[in-house]
Amino acid sequence: MPRQQLALSLFWRTFFLLAILLAGGVFAWTQTFRALEFEPRAVQAAQQIASLVNLSRTVLTSVDGINRVALVKSMGDPAGVKLTPREPNDRWTRYEVDRFTQAIGHELRSRLGPDTLVAASVNGVPGLWVGFSIDKDPYWVLADATRLAPLTLGTWLTWVGIALLATMLGSAAVARLINQPLRDLSSATSRIREGEYDSRLDETTRTSEIRQVNMGFNRMARELAKVEEDRAVMLAGISHDLRTPLARLRLETEMSVADEEARRYMAADIAQLDAIIDKFLDYARPGEVKLVPIPLAALVEREMASFRDPSQIRIESRVSPQTRVLADETELGRVLQNLFENARRYGRHGDDAAAEVLVSETRQGGGVTLTVRDYGPGVDPRKLGQITTPFYRGDSARTAATGAGLGLAIVDKAVQRMGGLFEASNAADGGFQVQIHLKKAA
């Protein structure tokens, strides 16, 4: 068996493709912005610190050594900038630990000189410490390192999350707009299949391709409506025009043919022609039906009663009197007639034996499965898929039987009109069986 592939609707395919494309664009732009933001922020941070250091150096250079100590003690920035002497026993940690801090350190040394120290903490006090000397007197300038850091991961994730959410919503909106004409077309096609030939699509849409498709669909619907109307008129004419001469032939045969056996055979041939006309009309019947609750057992008994000859067929019903289904009584009656007739013709073991037929039902959930089976030779498994094809008869032995080859095709089409499901198979212990799945009436 081939592996079944995961099926996605066109909406979800469009949505996922757009979402992947836009999400990839969001991440690409994020990386671009990070790369563009990284170096300018590092340079800007180094410039600020270098300006503070140069300002401090200028102020300290302008006073003598005695006043310099007092000036250092008085200098301080409430915003986090501080000037303090550097002692030989100061303990400090290295500041340059990643790309961003390395860029700041490199920029500071390029502006303040190669002997500039950059530390992340001094004597356990964190911050951005820059060490410089004035007249061989070393000093530290402390700046608030938090104001110099790049954007945090949380900030990036917040903005990326907002962008992704907007991407998903936008993808859903675009996919819906793209697929709306296709949904309308699918819905109209389903209505056409159910026989509503007056279905029409909007021919004023601004999208030229969709407008052309809608115009073509509407033309097709009009043509189908005309074909259906012509077919109904033609079938009515065929029924009238053929049955009138058949009735005359039957009457003339009974009156003018002296040989009793010849008269009987001619009458049988005329009856067969009349039955074939009925089959054609049944198969070509329009698809509109009204579903009502039907007592299944009573309908089965009624149709069984029309097959009275026990030498041809014997039917047993095991349908519960309480079972009711949603169906059209006339359509379901035709279904049973064709199934019983099919069993009478093909469900025998030999020409002299009667066909044995069993009708049963099972209920599951909101459905009822009606099973009609015979105990005959069954159907070649290779031909099971073709038995509902109009004018098809299973094998050479069966083609010798009279009929138009429309019985099971009529059954299949009638069950579809009632919203049911038709299944045909060979029974496990021999014979041919048909299962009809219908909705259970409340």
# chains A, B, ... in the order shown; residues from 1 in each chain; ligands from 1

call {"tool": "select_by_dssp", "arguments": {"residues": "segment 91-333 of chain A", "states": "strand (DSSP E)", "output": "PyMOL selection string"}}
result
chain A and resi 92-94+117-122+125-134+137-143+292-295+313-318+324-327

call {"tool": "residues_around", "arguments": {"residues": "Ala297 of chain A", "least_positions_apart": "4", "cutoff": "12 Å", "atoms": "only C-alpha atoms", "output": "count of residues only"}}
result
21

call {"tool": "residues_around", "arguments": {"residues": "segment 199-211 of chain A", "least_positions_apart": "2", "cutoff": "12 Å", "atoms": "only C-alpha atoms", "output": "ChimeraX atom specification"}}
result
/A:177-197,213-222,224-225

call {"tool": "write_last_selection", "arguments": {"atoms": "N, CA and C atoms", "output": "mmCIF file, in the first residue's frame"}}
result
data_model
loop_
_atom_site.group_PDB
_atom_site.id
_atom_site.type_symbol
_atom_site.label_atom_id
_atom_site.label_comp_id
_atom_site.auth_asym_id
_atom_site.auth_seq_id
_atom_site.Cartn_x
_atom_site.Cartn_y
_atom_site.Cartn_z
ATOM 1 N N LEU A 177 -7.651 36.030 1.903
ATOM 2 C CA LEU A 177 -8.025 36.815 0.724
ATOM 3 C C LEU A 177 -7.701 36.072 -0.564
ATOM 4 N N ILE A 178 -6.542 35.394 -0.585
ATOM 5 C CA ILE A 178 -6.151 34.669 -1.798
ATOM 6 C C ILE A 178 -7.090 33.500 -2.060
ATOM 7 N N ASN A 179 -7.499 32.804 -0.987
ATOM 8 C CA ASN A 179 -8.272 31.578 -1.158
ATOM 9 C C ASN A 179 -9.779 31.787 -1.173
ATOM 10 N N GLN A 180 -10.237 32.990 -0.856
ATOM 11 C CA GLN A 180 -11.686 33.222 -0.846
ATOM 12 C C GLN A 180 -12.333 32.925 -2.200
ATOM 13 N N PRO A 181 -11.774 33.398 -3.334
ATOM 14 C CA PRO A 181 -12.390 33.040 -4.623
ATOM 15 C C PRO A 181 -12.407 31.539 -4.884
ATOM 16 N N LEU A 182 -11.366 30.830 -4.420
ATOM 17 C CA LEU A 182 -11.335 29.382 -4.624
ATOM 18 C C LEU A 182 -12.373 28.687 -3.758
ATOM 19 N N ARG A 183 -12.582 29.202 -2.526
ATOM 20 C CA ARG A 183 -13.641 28.630 -1.688
ATOM 21 C C ARG A 183 -15.010 28.849 -2.316
ATOM 22 N N ASP A 184 -15.213 30.049 -2.857
ATOM 23 C CA ASP A 184 -16.488 30.318 -3.532
ATOM 24 C C ASP A 184 -16.674 29.381 -4.726
ATOM 25 N N LEU A 185 -15.585 29.166 -5.484
ATOM 26 C CA LEU A 185 -15.670 28.281 -6.640
ATOM 27 C C LEU A 185 -15.957 26.851 -6.209
ATOM 28 N N SER A 186 -15.292 26.391 -5.142
ATOM 29 C CA SER A 186 -15.530 25.035 -4.634
ATOM 30 C C SER A 186 -16.969 24.860 -4.169
ATOM 31 N N SER A 187 -17.488 25.877 -3.461
ATOM 32 C CA SER A 187 -18.871 25.798 -2.984
ATOM 33 C C SER A 187 -19.853 25.769 -4.151
ATOM 34 N N ALA A 188 -19.616 26.614 -5.143
ATOM 35 C CA ALA A 188 -20.508 26.629 -6.307
ATOM 36 C C ALA A 188 -20.431 25.313 -7.078
ATOM 37 N N THR A 189 -19.230 24.739 -7.166
ATOM 38 C CA THR A 189 -19.082 23.445 -7.845
ATOM 39 C C THR A 189 -19.855 22.352 -7.126
ATOM 40 N N SER A 190 -19.819 22.375 -5.781
ATOM 41 C CA SER A 190 -20.578 21.380 -5.016
ATOM 42 C C SER A 190 -22.074 21.535 -5.264
ATOM 43 N N ARG A 191 -22.535 22.772 -5.338
ATOM 44 C CA ARG A 191 -23.973 22.983 -5.601
ATOM 45 C C ARG A 191 -24.350 22.503 -7.001
ATOM 46 N N ILE A 192 -23.448 22.735 -7.972
ATOM 47 C CA ILE A 192 -23.710 22.237 -9.328
ATOM 48 C C ILE A 192 -23.810 20.713 -9.317
ATOM 49 N N ARG A 193 -22.884 20.059 -8.577
ATOM 50 C CA ARG A 193 -22.900 18.604 -8.508
ATOM 51 C C ARG A 193 -24.201 18.082 -7.902
ATOM 52 N N GLU A 194 -24.788 18.862 -6.986
ATOM 53 C CA GLU A 194 -26.037 18.451 -6.362
ATOM 54 C C GLU A 194 -27.261 18.851 -7.167
ATOM 55 N N GLY A 195 -27.045 19.436 -8.350
ATOM 56 C CA GLY A 195 -28.163 19.737 -9.225
ATOM 57 C C GLY A 195 -28.657 21.164 -9.176
ATOM 58 N N GLU A 196 -27.978 22.063 -8.439
ATOM 59 C CA GLU A 196 -28.404 23.463 -8.374
ATOM 60 C C GLU A 196 -27.692 24.235 -9.488
ATOM 61 N N TYR A 197 -28.266 24.177 -10.680
ATOM 62 C CA TYR A 197 -27.605 24.770 -11.845
ATOM 63 C C TYR A 197 -27.752 26.287 -11.917
ATOM 64 N N VAL A 213 -12.212 33.210 -14.654
ATOM 65 C CA VAL A 213 -12.647 31.894 -14.175
ATOM 66 C C VAL A 213 -14.131 31.913 -13.822
ATOM 67 N N ASN A 214 -14.572 32.957 -13.110
ATOM 68 C CA ASN A 214 -15.980 33.053 -12.713
ATOM 69 C C ASN A 214 -16.890 33.162 -13.924
ATOM 70 N N MET A 215 -16.471 33.933 -14.917
ATOM 71 C CA MET A 215 -17.287 34.053 -16.127
ATOM 72 C C MET A 215 -17.382 32.715 -16.851
ATOM 73 N N GLY A 216 -16.252 31.992 -16.930
ATOM 74 C CA GLY A 216 -16.290 30.666 -17.557
ATOM 75 C C GLY A 216 -17.155 29.690 -16.790
ATOM 76 N N PHE A 217 -17.079 29.745 -15.448
ATOM 77 C CA PHE A 217 -17.907 28.858 -14.627
ATOM 78 C C PHE A 217 -19.389 29.164 -14.833
ATOM 79 N N ASN A 218 -19.744 30.444 -14.861
ATOM 80 C CA ASN A 218 -21.150 30.805 -15.038
ATOM 81 C C ASN A 218 -21.664 30.367 -16.400
ATOM 82 N N ARG A 219 -20.823 30.485 -17.424
ATOM 83 C CA ARG A 219 -21.239 29.993 -18.746
ATOM 84 C C ARG A 219 -21.456 28.484 -18.710
ATOM 85 N N MET A 220 -20.553 27.779 -18.039
ATOM 86 C CA MET A 220 -20.705 26.333 -17.921
ATOM 87 C C MET A 220 -21.994 25.979 -17.180
ATOM 88 N N ALA A 221 -22.297 26.717 -16.089
ATOM 89 C CA ALA A 221 -23.514 26.436 -15.322
ATOM 90 C C ALA A 221 -24.758 26.664 -16.172
ATOM 91 N N ARG A 222 -24.745 27.735 -16.973
ATOM 92 C CA ARG A 222 -25.900 27.986 -17.846
ATOM 93 C C ARG A 222 -26.063 26.879 -18.887
ATOM 94 N N LEU A 224 -25.020 23.752 -18.587
ATOM 95 C CA LEU A 224 -25.483 22.541 -17.903
ATOM 96 C C LEU A 224 -26.972 22.614 -17.589
ATOM 97 N N ALA A 225 -27.429 23.799 -17.177
ATOM 98 C CA ALA A 225 -28.860 23.954 -16.902
ATOM 99 C C ALA A 225 -29.674 23.702 -18.169
#

call {"tool": "residues_around", "arguments": {"residues": "Arg94 of chain A", "least_positions_apart": "3", "cutoff": "7 Å", "atoms": "only C-alpha atoms", "output": "number ranges by chain"}}
result
A: 118-120

call {"tool": "write_last_selection", "arguments": {"atoms": "N, CA and C atoms", "output": "PDB file, in the first residue's frame"}}
result
ATOM      1  N   VAL A 118      41.217  49.320  31.193  1.00  0.00           N
ATOM      2  CA  VAL A 118      39.752  49.230  31.175  1.00  0.00           C
ATOM      3  C   VAL A 118      39.374  48.040  32.040  1.00  0.00           C
ATOM      4  N   ALA A 119      38.613  48.285  33.106  1.00  0.00           N
ATOM      5  CA  ALA A 119      38.275  47.234  34.058  1.00  0.00           C
ATOM      6  C   ALA A 119      36.765  47.155  34.251  1.00  0.00           C
ATOM      7  N   ALA A 120      36.299  45.925  34.595  1.00  0.00           N
ATOM      8  CA  ALA A 120      34.879  45.720  34.866  1.00  0.00           C
ATOM      9  C   ALA A 120      34.540  45.933  36.330  1.00  0.00           C
TER      10      ALA A 120
END

call {"tool": "atom_distance", "arguments": {"atom1": "atom CA of Gly420 of chain A", "atom2": "atom CA of Arg231 of chain A"}}
result
25.2 Å

call {"tool": "residues_around", "arguments": {"residues": "segment 252-256 of chain A", "least_positions_apart": "6", "cutoff": "8 Å", "atoms": "only C-alpha atoms", "output": "PyMOL selection string"}}
result
chain A and resi 263+266-267

call {"tool": "residues_around", "arguments": {"residues": "Pro88 of chain A", "least_positions_apart": "3", "cutoff": "10 Å", "atoms": "only C-alpha atoms", "output": "PDB file with N, CA and C atoms, in the first residue's frame"}}
result
ATOM      1  N   PRO A  85      41.589  58.324  42.884  1.00  0.00           N
ATOM      2  CA  PRO A  85      42.999  57.959  42.637  1.00  0.00           C
ATOM      3  C   PRO A  85      43.159  56.451  42.507  1.00  0.00           C
ATOM      4  N   ARG A  91      42.660  46.016  43.275  1.00  0.00           N
ATOM      5  CA  ARG A  91      42.344  44.746  42.595  1.00  0.00           C
ATOM      6  C   ARG A  91      41.253  45.020  41.545  1.00  0.00           C
ATOM      7  N   PRO A 138      48.334  58.186  38.844  1.00  0.00           N
ATOM      8  CA  PRO A 138      47.292  57.361  38.203  1.00  0.00           C
ATOM      9  C   PRO A 138      45.902  57.634  38.825  1.00  0.00           C
TER      10      PRO A 138
END

call {"tool": "decode", "arguments": {"residues": "segment 21-32 of chain A", "atoms": "C-alpha atoms", "output": "CSV table (one decimal), in the first residue's frame"}}
result
chain,number,residue,atom,x,y,z
A,21,LEU,CA,8.8,33.5,4.1
A,22,LEU,CA,7.9,36.4,6.3
A,23,ALA,CA,9.4,34.8,9.5
A,24,GLY,CA,12.7,34.3,7.6
A,25,GLY,CA,12.6,37.9,6.6
A,26,VAL,CA,12.0,39.0,10.2
A,27,PHE,CA,15.0,37.0,11.4
A,28,ALA,CA,17.2,38.2,8.5
A,29,TRP,CA,16.3,41.9,9.3
A,30,THR,CA,16.9,41.2,13.0
A,31,GLN,CA,20.4,39.9,12.3
A,32,THR,CA,21.0,42.9,10.0
